[in-house]
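Trainee: Can you keep this structure in mind? I'll have questions shortly.
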Amino acid sequence: MAGDRSPGVLSRQRFGFLLLAAAAATGLCGGVSAVKSPSCHEVRTAFQIRQIGPLKLVPDVPTAESDLQICQHRAPTCCTKKMEESYQTAVRRERTHNIQALNFELKYMIVGHITAFQEAFESLLRFAENHTTSLFESAYRTMAKEAAEPVKELFTDLSLYILGAETTVENAVLRFFDSLFPLVYSRLINPGIIDLSEEYTECLRLTRQDINPFGRYSKEVVTELSKSLWASRMLNQALNMGIEVINTTEHAALTKECSKALVKMQYCPHCQGLTLIRPCVGYCLNVMRGCLASVSELDTQWREYISTLEYLTNEMAGSHDLELALLGIRNSINEAILHAQLNGPQLSATVDKVCGQPQEREAKPSPDNIVQAKDASETQALTMAHSANLNNKRREFINYMKRSRTFYASIAERLCDGDLVMRDSSTCWNGEDVVESYTSRVVSNGLKAQINNPELKVKGLDPLISHLIDKLHHFNQKGFFTEGWGSEGKGLDTEKTKLKLERWASRESGSGGGKSEAMESSGDCDDEDGCQGSGDRIYTTDVLKEKKAYSEDRNEPKPTVKKIDTTATTTTIKSSSKHDLAGNVGNLASSSSLFIVTALAILWHCLS
């Protein structure tokens with residue numbers, strides 16, 4: 001029967017298998033040699049397309065290069081030391097380009113709103129200036145021409161203050177009233193004065209500071225404008241601070257360790273002819289988090305910066321409304337002039353004692369003492385139009401900026417997103433070989449976490465980034481705790497300011513730490529990639545000091561890696577033999593295994 005074959009017959013079968021294996025392997029060797037010989041053509045093509053360097057640096061065929069510093073492999077390589085240097089230059093350029101691409105929308109939004117806000121401010125200031133000038137043209141015609149210049153200087157000074165000039169609202173306002181008093185005194189209180197000499201005019205200016213002819217109104221203008229313009233000034237500074245942060249992070253220096261790690265991740269596969277393979281997600285995260293460890297330290301202050309922006313924009317739209325304050329200058333000046341007129345006799349007596357009596361002519365009755373009210377409905381309509389314009393810009397801007405709250409916490413994840421890594425493929429590059437998955441520990445963001453980074457060593461915080469963090473921290477404190485109300489340095493009451501800060505802090509924590517925001521995390525990689533929980537921490541100063549590591553940083557068991565032999569094309573065949581099978585079936589399985597081993601051995605010999 002077929003099942004009762006003798007040992008001799010089985011021996012002849014095994015011998016036949018060996019002959020078949022030898023013949024098949026020999027034919028395969030010949031086919032491989034005839035179809036394709038070792039070449040670096042694909043490496044040269046990638047080198048040229050990415051504009052890494054001159055093509056003459058790339059060898060035509062793999063060589064046994066021994067002086068490679070980064071891409072060190074046992075097999076023949078298509079890389080040279082000069083190519084490694086070109087690769088390092090390329091990764092620096094690509095890193096800057098990639099971060100600029102991430103920053104583009106954020107930077108565009110900030111720059112665009114700097115321009116939009118400044119245009120809105122200037123438009124509002126010009127309107128308020130014309131609105132104030134109309135007071136003199138309609139109610140105080142005799143001094144309208146001479147008052148035009150002081151009014152212009154006042155609003156120019158206010159504009160410069162908003163833009164960050166080293167001046168104060170108090171100096172601007174009091175300088176205006178200094179210039180206004182000689183006009184009011186000679187045109188309204190004593191209209192019979194023929195002319196004022198420069199000495200007498202200067203005496204009136206100095207006297208105003210002592211006799212306070214405008215009563216409480218000059219101080220009220222200072223107070224109201226200081227409160228409103230402070231928020232506008234701080235918001236303008238905040239926007240420029242945001243641009244400084246973005247520009248600094250875009251051009252932060254790349255350490256040698258980082259550039260080598262990036263070359264190893266992106267270009268070392270090319271040395272083996274693997275130009276299409278991409279890094280594993282977890283591997284990419286480790287490299288990027290190590291390279292961007294200093295940049296990610298901006299996260300805490302950046303979050304506070306966004307809260308400061310929100311606070312400032314709401315202050316502008318709140319009780320310290322800029323539009324109402326600027327448009328209210330007209331009425332305050334009118335009230336101040338009326339106050340001086342009502343106290344005219346007392347003021348004249350005091351001035352005569354201090355400055356003497358100027359030459360006078362016969363006074364003519366003037367209708368200018370009666371203020372002609374401007375159409376209130378027209379003013380209200382224009383005020384509402386300007387307010388709506390600024391409010392819409394503020395609302396649009398702050399809504400976008402709130403979505404960028406986690407920008408620096410998730411920058412590594414976003415750099416590893418997209419075409420850089422292999423997400424749908426069954427294999428990826430782990431820095432040494434092509435594997436099915438990355439099994440090394442994936443560290444979390446931040447400088448401290450990089451102690452356990454298996455891919456590169458991070459020495460410490462970049463001094464440039466450290467300075468930027470301090471600067472941003474100082475601005476955040478300044479934005480919350482000071483309102484520079486003139487040279488007197490009168491800010492908000494300390495307790496009131498603390499309550500405001502607590503209000504904004506509780507409002508932010510009440511939003512769930514921003515977990516629902518679009519930019520909180522990429523959300524595209526699974527647990528083994530180390531992306532989980534990248535934005536789920538509560539970012540307050542106290543909590544950050546004792547923050548726990550991400551769940552990805554735990555020492556959990558990892559899946560076993562199955563490496564693919566890149567020096568030859570092999571097929572892994574799972575054995576189907578079982579312990580309960582016996583007799584001829586077992587012998588036949590042994591013969592099949594012997595056939596495969598023999599064929600692989602001959603094929604290895606041919607390719608080596």
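Following the order of the structure tokens, first chain is A, next is B, and so on, with residues numbered from 1 inside each chain and ligands from 1 in the order they appear.
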For segment 53-69 of chain A, list every protein, DNA or RNA residue within 8 Å, evaluated using only C-alpha atoms, and leave out those in the same chain fewer than 4 positions away; present the list as a VMD selection string.

Mentor: chain A and resid 38 to 41 43 to 44 47 to 48 75 to 84 86

Trainee: Need to verify the contact set: Thr427 of chain A, 8 Å, only C-alpha atoms, exclusion of same-chain residues closer than 3 positions in sequence. Can you return it as a VMD selection string?

Mentor: chain A and resid 422 434 to 437

Trainee: Go ahead and save the residues from that selection, with N, CA, C and O atoms, as a JSON list (two decimals), in the first residue's frame.

Mentor:
```json
[["chain", "number", "residue", "atom", "x", "y", "z"],
["A", 422, "MET", "N", 4.97, 56.16, 7.99],
["A", 422, "MET", "CA", 4.16, 55.09, 7.39],
["A", 422, "MET", "C", 3.04, 54.75, 8.36],
["A", 422, "MET", "O", 3.30, 54.25, 9.45],
["A", 434, "VAL", "N", 14.12, 47.55, 8.47],
["A", 434, "VAL", "CA", 12.71, 47.58, 8.12],
["A", 434, "VAL", "C", 11.97, 46.58, 9.00],
["A", 434, "VAL", "O", 12.33, 45.40, 9.04],
["A", 435, "VAL", "N", 10.98, 47.05, 9.73],
["A", 435, "VAL", "CA", 10.29, 46.21, 10.71],
["A", 435, "VAL", "C", 8.78, 46.37, 10.56],
["A", 435, "VAL", "O", 8.30, 47.22, 9.80],
["A", 436, "GLU", "N", 8.06, 45.54, 11.27],
["A", 436, "GLU", "CA", 6.61, 45.63, 11.25],
["A", 436, "GLU", "C", 6.08, 46.67, 12.21],
["A", 436, "GLU", "O", 5.00, 47.24, 12.00],
["A", 437, "SER", "N", 6.79, 46.93, 13.30],
["A", 437, "SER", "CA", 6.37, 47.95, 14.26],
["A", 437, "SER", "C", 7.56, 48.41, 15.08],
["A", 437, "SER", "O", 8.57, 47.72, 15.18]]
```

Trainee: Mind pulling up the distance from atom CA of Ile162 of chain A to atom CA of Leu229 of chain A?

Mentor: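 Straight-line distance from atom CA of Leu229 of chain A to atom CA of Ile162 of chain A works out to 6.4 Å.
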
Trainee: Taking the chain letters and numbering used in this document, name the residues of segment 10-223 of chain A that DSSP puts in alpha helix (DSSP H), as a PyMOL selection string.

Mentor: chain A and resi 10-35+41-49+81-139+144-162+169-184+198-211+217-223

Trainee: Extract, using only C-alpha atoms, all DNA, RNA and protein residues at most 7 Å from segment 247-250 of chain A, discarding same-chain residues fewer than 2 positions from it, and format them as a PyMOL selection string.

Mentor: chain A and resi 96+99-100+243-245+252+295

Trainee: Using only C-alpha atoms, which residue out of A:Arg95, A:His270, A:Arg441, A:His339 lies closest to Phe181 of chain A?

Mentor: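 Between A:Arg95, A:His270, A:Arg441, A:His339, the residue approaching Phe181 of chain A most closely is A:His339.
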
Trainee: Find the distance between atom CA of Thr313 of chain A and atom CA of Glu122 of chain A and write it in Å to one decimal.

Mentor: 17.4 Å

Trainee: Can you tell me, as an MDAnalysis selection string, what residues are no more than 10 Å from Leu274 of chain A when counting only C-alpha atoms, ignoring any on the same chain fewer than 2 positions away?

Mentor: chainID A and resid 42:43 267:272 276:278 429 434 566

Trainee: So that I have them on file, write out the residues from the current selection with C-alpha atoms, as a compact mmCIF listing (two decimals), in the first residue's frame.

Mentor:
```
# COMPACT_ATOMS: atom_id res chain seq x y z
CA GLU A 42 17.12 55.08 -7.25
CA VAL A 43 19.30 56.75 -4.61
CA TYR A 267 17.99 59.26 4.76
CA CYS A 268 19.85 56.25 6.14
CA PRO A 269 17.31 53.92 4.45
CA HIS A 270 18.44 55.42 1.13
CA CYS A 271 21.92 54.04 1.73
CA GLN A 272 20.42 50.56 1.42
CA LEU A 276 10.34 54.67 -0.46
CA ILE A 277 10.32 53.36 3.12
CA ARG A 278 9.18 55.78 5.83
CA TRP A 429 11.92 52.10 9.28
CA VAL A 434 12.71 47.58 8.12
CA THR A 566 16.79 43.24 3.34
```

Trainee: Please provide as a list in words all residues within 12 Å of Ala165 of chain A, with the sequence filter that same-chain residues fewer than 6 positions apart are discarded (counting only C-alpha atoms).

Mentor: Thr156, Asp157, Leu158, Ser159, Ala172, Arg233, Met234, Asn236 and Gln237 of chain A

Trainee: Would you save the residues from that selection as a compact mmCIF listing (two decimals), in the first residue's frame, using C-alpha atoms?

Mentor:
```
# COMPACT_ATOMS: atom_id res chain seq x y z
CA THR A 156 -1.08 111.81 17.40
CA ASP A 157 0.29 111.23 20.89
CA LEU A 158 -2.55 108.80 21.67
CA SER A 159 -1.82 106.90 18.45
CA ALA A 172 -0.52 113.73 26.20
CA ARG A 233 -1.59 99.22 23.73
CA MET A 234 -1.11 95.86 25.46
CA ASN A 236 -0.73 95.58 20.08
CA GLN A 237 2.31 94.52 22.10
```

Trainee: Within 10 Å of Leu154 of chain A, counting only C-alpha atoms, which residues qualify if same-chain residues fewer than 2 places away don't, as a PDB file with all heavy atoms, in the first residue's frame?

Mentor:
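Saved as out-v7.pdb:
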```pdb
ATOM      1  N   GLU A 129     -10.743 112.426  16.258  1.00  0.00           N
ATOM      2  CA  GLU A 129     -10.094 113.732  16.099  1.00  0.00           C
ATOM      3  C   GLU A 129     -11.017 114.698  15.362  1.00  0.00           C
ATOM      4  O   GLU A 129     -11.185 115.859  15.783  1.00  0.00           O
ATOM      5  CB  GLU A 129      -8.785 113.564  15.334  1.00  0.00           C
ATOM      6  CG  GLU A 129      -8.056 114.879  15.082  1.00  0.00           C
ATOM      7  CD  GLU A 129      -6.790 114.706  14.277  1.00  0.00           C
ATOM      8  OE1 GLU A 129      -6.273 113.563  14.217  1.00  0.00           O
ATOM      9  OE2 GLU A 129      -6.310 115.700  13.691  1.00  0.00           O
ATOM     10  N   GLU A 149      -4.359 122.633  15.933  1.00  0.00           N
ATOM     11  CA  GLU A 149      -3.037 122.011  16.120  1.00  0.00           C
ATOM     12  C   GLU A 149      -2.939 121.255  17.441  1.00  0.00           C
ATOM     13  O   GLU A 149      -2.445 120.112  17.456  1.00  0.00           O
ATOM     14  CB  GLU A 149      -1.945 123.074  16.028  1.00  0.00           C
ATOM     15  CG  GLU A 149      -0.529 122.507  15.986  1.00  0.00           C
ATOM     16  CD  GLU A 149      -0.280 121.611  14.787  1.00  0.00           C
ATOM     17  OE1 GLU A 149      -0.951 121.801  13.756  1.00  0.00           O
ATOM     18  OE2 GLU A 149       0.581 120.706  14.892  1.00  0.00           O
ATOM     19  N   PRO A 150      -3.353 121.816  18.576  1.00  0.00           N
ATOM     20  CA  PRO A 150      -3.324 121.042  19.825  1.00  0.00           C
ATOM     21  C   PRO A 150      -4.166 119.770  19.763  1.00  0.00           C
ATOM     22  O   PRO A 150      -3.770 118.736  20.305  1.00  0.00           O
ATOM     23  CB  PRO A 150      -3.884 122.019  20.870  1.00  0.00           C
ATOM     24  CG  PRO A 150      -3.570 123.370  20.321  1.00  0.00           C
ATOM     25  CD  PRO A 150      -3.711 123.234  18.831  1.00  0.00           C
ATOM     26  N   VAL A 151      -5.322 119.839  19.093  1.00  0.00           N
ATOM     27  CA  VAL A 151      -6.155 118.642  18.956  1.00  0.00           C
ATOM     28  C   VAL A 151      -5.419 117.582  18.136  1.00  0.00           C
ATOM     29  O   VAL A 151      -5.412 116.391  18.486  1.00  0.00           O
ATOM     30  CB  VAL A 151      -7.506 118.990  18.293  1.00  0.00           C
ATOM     31  CG1 VAL A 151      -8.276 117.716  17.941  1.00  0.00           C
ATOM     32  CG2 VAL A 151      -8.338 119.858  19.216  1.00  0.00           C
ATOM     33  N   LYS A 152      -4.800 117.997  17.058  1.00  0.00           N
ATOM     34  CA  LYS A 152      -4.047 117.061  16.226  1.00  0.00           C
ATOM     35  C   LYS A 152      -2.910 116.423  17.003  1.00  0.00           C
ATOM     36  O   LYS A 152      -2.677 115.204  16.905  1.00  0.00           O
ATOM     37  CB  LYS A 152      -3.513 117.790  14.996  1.00  0.00           C
ATOM     38  CG  LYS A 152      -2.766 116.888  14.030  1.00  0.00           C
ATOM     39  CD  LYS A 152      -2.299 117.675  12.807  1.00  0.00           C
ATOM     40  CE  LYS A 152      -1.549 116.752  11.840  1.00  0.00           C
ATOM     41  NZ  LYS A 152      -1.090 117.495  10.636  1.00  0.00           N
ATOM     42  N   THR A 156      -2.343 112.419  17.861  1.00  0.00           N
ATOM     43  CA  THR A 156      -1.084 111.815  17.397  1.00  0.00           C
ATOM     44  C   THR A 156      -0.370 111.134  18.552  1.00  0.00           C
ATOM     45  O   THR A 156       0.143 110.011  18.422  1.00  0.00           O
ATOM     46  CB  THR A 156      -0.167 112.884  16.769  1.00  0.00           C
ATOM     47  OG1 THR A 156      -0.824 113.455  15.633  1.00  0.00           O
ATOM     48  CG2 THR A 156       1.154 112.268  16.324  1.00  0.00           C
ATOM     49  N   ASP A 157      -0.341 111.817  19.706  1.00  0.00           N
ATOM     50  CA  ASP A 157       0.293 111.227  20.893  1.00  0.00           C
ATOM     51  C   ASP A 157      -0.436 109.963  21.344  1.00  0.00           C
ATOM     52  O   ASP A 157       0.194 108.987  21.757  1.00  0.00           O
ATOM     53  CB  ASP A 157       0.324 112.249  22.034  1.00  0.00           C
ATOM     54  CG  ASP A 157       1.336 113.362  21.785  1.00  0.00           C
ATOM     55  OD1 ASP A 157       2.223 113.179  20.943  1.00  0.00           O
ATOM     56  OD2 ASP A 157       1.214 114.415  22.443  1.00  0.00           O
ATOM     57  N   LEU A 158      -1.762 109.976  21.275  1.00  0.00           N
ATOM     58  CA  LEU A 158      -2.547 108.795  21.667  1.00  0.00           C
ATOM     59  C   LEU A 158      -2.277 107.632  20.720  1.00  0.00           C
ATOM     60  O   LEU A 158      -2.176 106.472  21.151  1.00  0.00           O
ATOM     61  CB  LEU A 158      -4.038 109.124  21.678  1.00  0.00           C
ATOM     62  CG  LEU A 158      -4.502 110.176  22.693  1.00  0.00           C
ATOM     63  CD1 LEU A 158      -6.010 110.368  22.603  1.00  0.00           C
ATOM     64  CD2 LEU A 158      -4.099 109.783  24.114  1.00  0.00           C
ATOM     65  N   SER A 159      -2.132 107.945  19.425  1.00  0.00           N
ATOM     66  CA  SER A 159      -1.818 106.905  18.449  1.00  0.00           C
ATOM     67  C   SER A 159      -0.447 106.295  18.717  1.00  0.00           C
ATOM     68  O   SER A 159      -0.276 105.061  18.680  1.00  0.00           O
ATOM     69  CB  SER A 159      -1.867 107.488  17.032  1.00  0.00           C
ATOM     70  OG  SER A 159      -1.462 106.520  16.083  1.00  0.00           O
ATOM     71  N   VAL A 169      -0.465 108.460  28.504  1.00  0.00           N
ATOM     72  CA  VAL A 169      -1.719 109.151  28.196  1.00  0.00           C
ATOM     73  C   VAL A 169      -1.818 110.432  29.008  1.00  0.00           C
ATOM     74  O   VAL A 169      -2.270 111.474  28.513  1.00  0.00           O
ATOM     75  CB  VAL A 169      -2.918 108.227  28.499  1.00  0.00           C
ATOM     76  CG1 VAL A 169      -4.238 108.985  28.356  1.00  0.00           C
ATOM     77  CG2 VAL A 169      -2.898 107.016  27.580  1.00  0.00           C
ATOM     78  N   ASN A 171       0.556 112.475  30.084  1.00  0.00           N
ATOM     79  CA  ASN A 171       1.370 113.556  29.497  1.00  0.00           C
ATOM     80  C   ASN A 171       0.703 114.142  28.269  1.00  0.00           C
ATOM     81  O   ASN A 171       0.701 115.367  28.067  1.00  0.00           O
ATOM     82  CB  ASN A 171       2.758 113.034  29.138  1.00  0.00           C
ATOM     83  CG  ASN A 171       3.611 112.779  30.357  1.00  0.00           C
ATOM     84  OD1 ASN A 171       3.346 113.305  31.439  1.00  0.00           O
ATOM     85  ND2 ASN A 171       4.635 111.945  30.212  1.00  0.00           N
ATOM     86  N   ALA A 172       0.131 113.261  27.427  1.00  0.00           N
ATOM     87  CA  ALA A 172      -0.516 113.730  26.202  1.00  0.00           C
ATOM     88  C   ALA A 172      -1.727 114.611  26.518  1.00  0.00           C
ATOM     89  O   ALA A 172      -1.910 115.686  25.921  1.00  0.00           O
ATOM     90  CB  ALA A 172      -0.933 112.537  25.348  1.00  0.00           C
ATOM     91  N   VAL A 173      -2.560 114.183  27.448  1.00  0.00           N
ATOM     92  CA  VAL A 173      -3.784 114.920  27.764  1.00  0.00           C
ATOM     93  C   VAL A 173      -3.469 116.243  28.461  1.00  0.00           C
ATOM     94  O   VAL A 173      -4.030 117.294  28.108  1.00  0.00           O
ATOM     95  CB  VAL A 173      -4.714 114.055  28.639  1.00  0.00           C
ATOM     96  CG1 VAL A 173      -5.897 114.875  29.146  1.00  0.00           C
ATOM     97  CG2 VAL A 173      -5.211 112.846  27.856  1.00  0.00           C
ATOM     98  N   LEU A 174      -2.585 116.209  29.441  1.00  0.00           N
ATOM     99  CA  LEU A 174      -2.268 117.443  30.169  1.00  0.00           C
ATOM    100  C   LEU A 174      -1.536 118.445  29.287  1.00  0.00           C
ATOM    101  O   LEU A 174      -1.706 119.668  29.446  1.00  0.00           O
ATOM    102  CB  LEU A 174      -1.443 117.113  31.415  1.00  0.00           C
ATOM    103  CG  LEU A 174      -2.171 116.254  32.458  1.00  0.00           C
ATOM    104  CD1 LEU A 174      -1.313 116.081  33.704  1.00  0.00           C
ATOM    105  CD2 LEU A 174      -3.534 116.864  32.827  1.00  0.00           C
ATOM    106  N   ARG A 175      -0.737 117.941  28.347  1.00  0.00           N
ATOM    107  CA  ARG A 175      -0.073 118.856  27.405  1.00  0.00           C
ATOM    108  C   ARG A 175      -1.125 119.544  26.523  1.00  0.00           C
ATOM    109  O   ARG A 175      -0.983 120.735  26.185  1.00  0.00           O
ATOM    110  CB  ARG A 175       0.923 118.077  26.555  1.00  0.00           C
ATOM    111  CG  ARG A 175       1.758 118.970  25.649  1.00  0.00           C
ATOM    112  CD  ARG A 175       3.021 118.277  25.164  1.00  0.00           C
ATOM    113  NE  ARG A 175       2.741 116.975  24.545  1.00  0.00           N
ATOM    114  CZ  ARG A 175       3.127 115.812  25.065  1.00  0.00           C
ATOM    115  NH1 ARG A 175       3.796 115.794  26.222  1.00  0.00           N
ATOM    116  NH2 ARG A 175       2.854 114.690  24.446  1.00  0.00           N
ATOM    117  N   PHE A 176      -2.168 118.808  26.168  1.00  0.00           N
ATOM    118  CA  PHE A 176      -3.251 119.412  25.374  1.00  0.00           C
ATOM    119  C   PHE A 176      -3.944 120.511  26.166  1.00  0.00           C
ATOM    120  O   PHE A 176      -4.195 121.613  25.638  1.00  0.00           O
ATOM    121  CB  PHE A 176      -4.264 118.331  24.971  1.00  0.00           C
ATOM    122  CG  PHE A 176      -5.551 118.886  24.463  1.00  0.00           C
ATOM    123  CD1 PHE A 176      -5.646 119.412  23.178  1.00  0.00           C
ATOM    124  CD2 PHE A 176      -6.695 118.913  25.272  1.00  0.00           C
ATOM    125  CE1 PHE A 176      -6.850 119.939  22.707  1.00  0.00           C
ATOM    126  CE2 PHE A 176      -7.888 119.436  24.801  1.00  0.00           C
ATOM    127  CZ  PHE A 176      -7.959 119.955  23.526  1.00  0.00           C
ATOM    128  N   PHE A 177      -4.287 120.261  27.422  1.00  0.00           N
ATOM    129  CA  PHE A 177      -4.970 121.276  28.224  1.00  0.00           C
ATOM    130  C   PHE A 177      -4.054 122.462  28.530  1.00  0.00           C
ATOM    131  O   PHE A 177      -4.541 123.593  28.694  1.00  0.00           O
ATOM    132  CB  PHE A 177      -5.507 120.660  29.514  1.00  0.00           C
ATOM    133  CG  PHE A 177      -6.791 119.916  29.315  1.00  0.00           C
ATOM    134  CD1 PHE A 177      -6.831 118.530  29.386  1.00  0.00           C
ATOM    135  CD2 PHE A 177      -7.968 120.591  29.042  1.00  0.00           C
ATOM    136  CE1 PHE A 177      -8.016 117.833  29.200  1.00  0.00           C
ATOM    137  CE2 PHE A 177      -9.170 119.917  28.856  1.00  0.00           C
ATOM    138  CZ  PHE A 177      -9.197 118.525  28.923  1.00  0.00           C
TER     139      PHE A 177
END
```
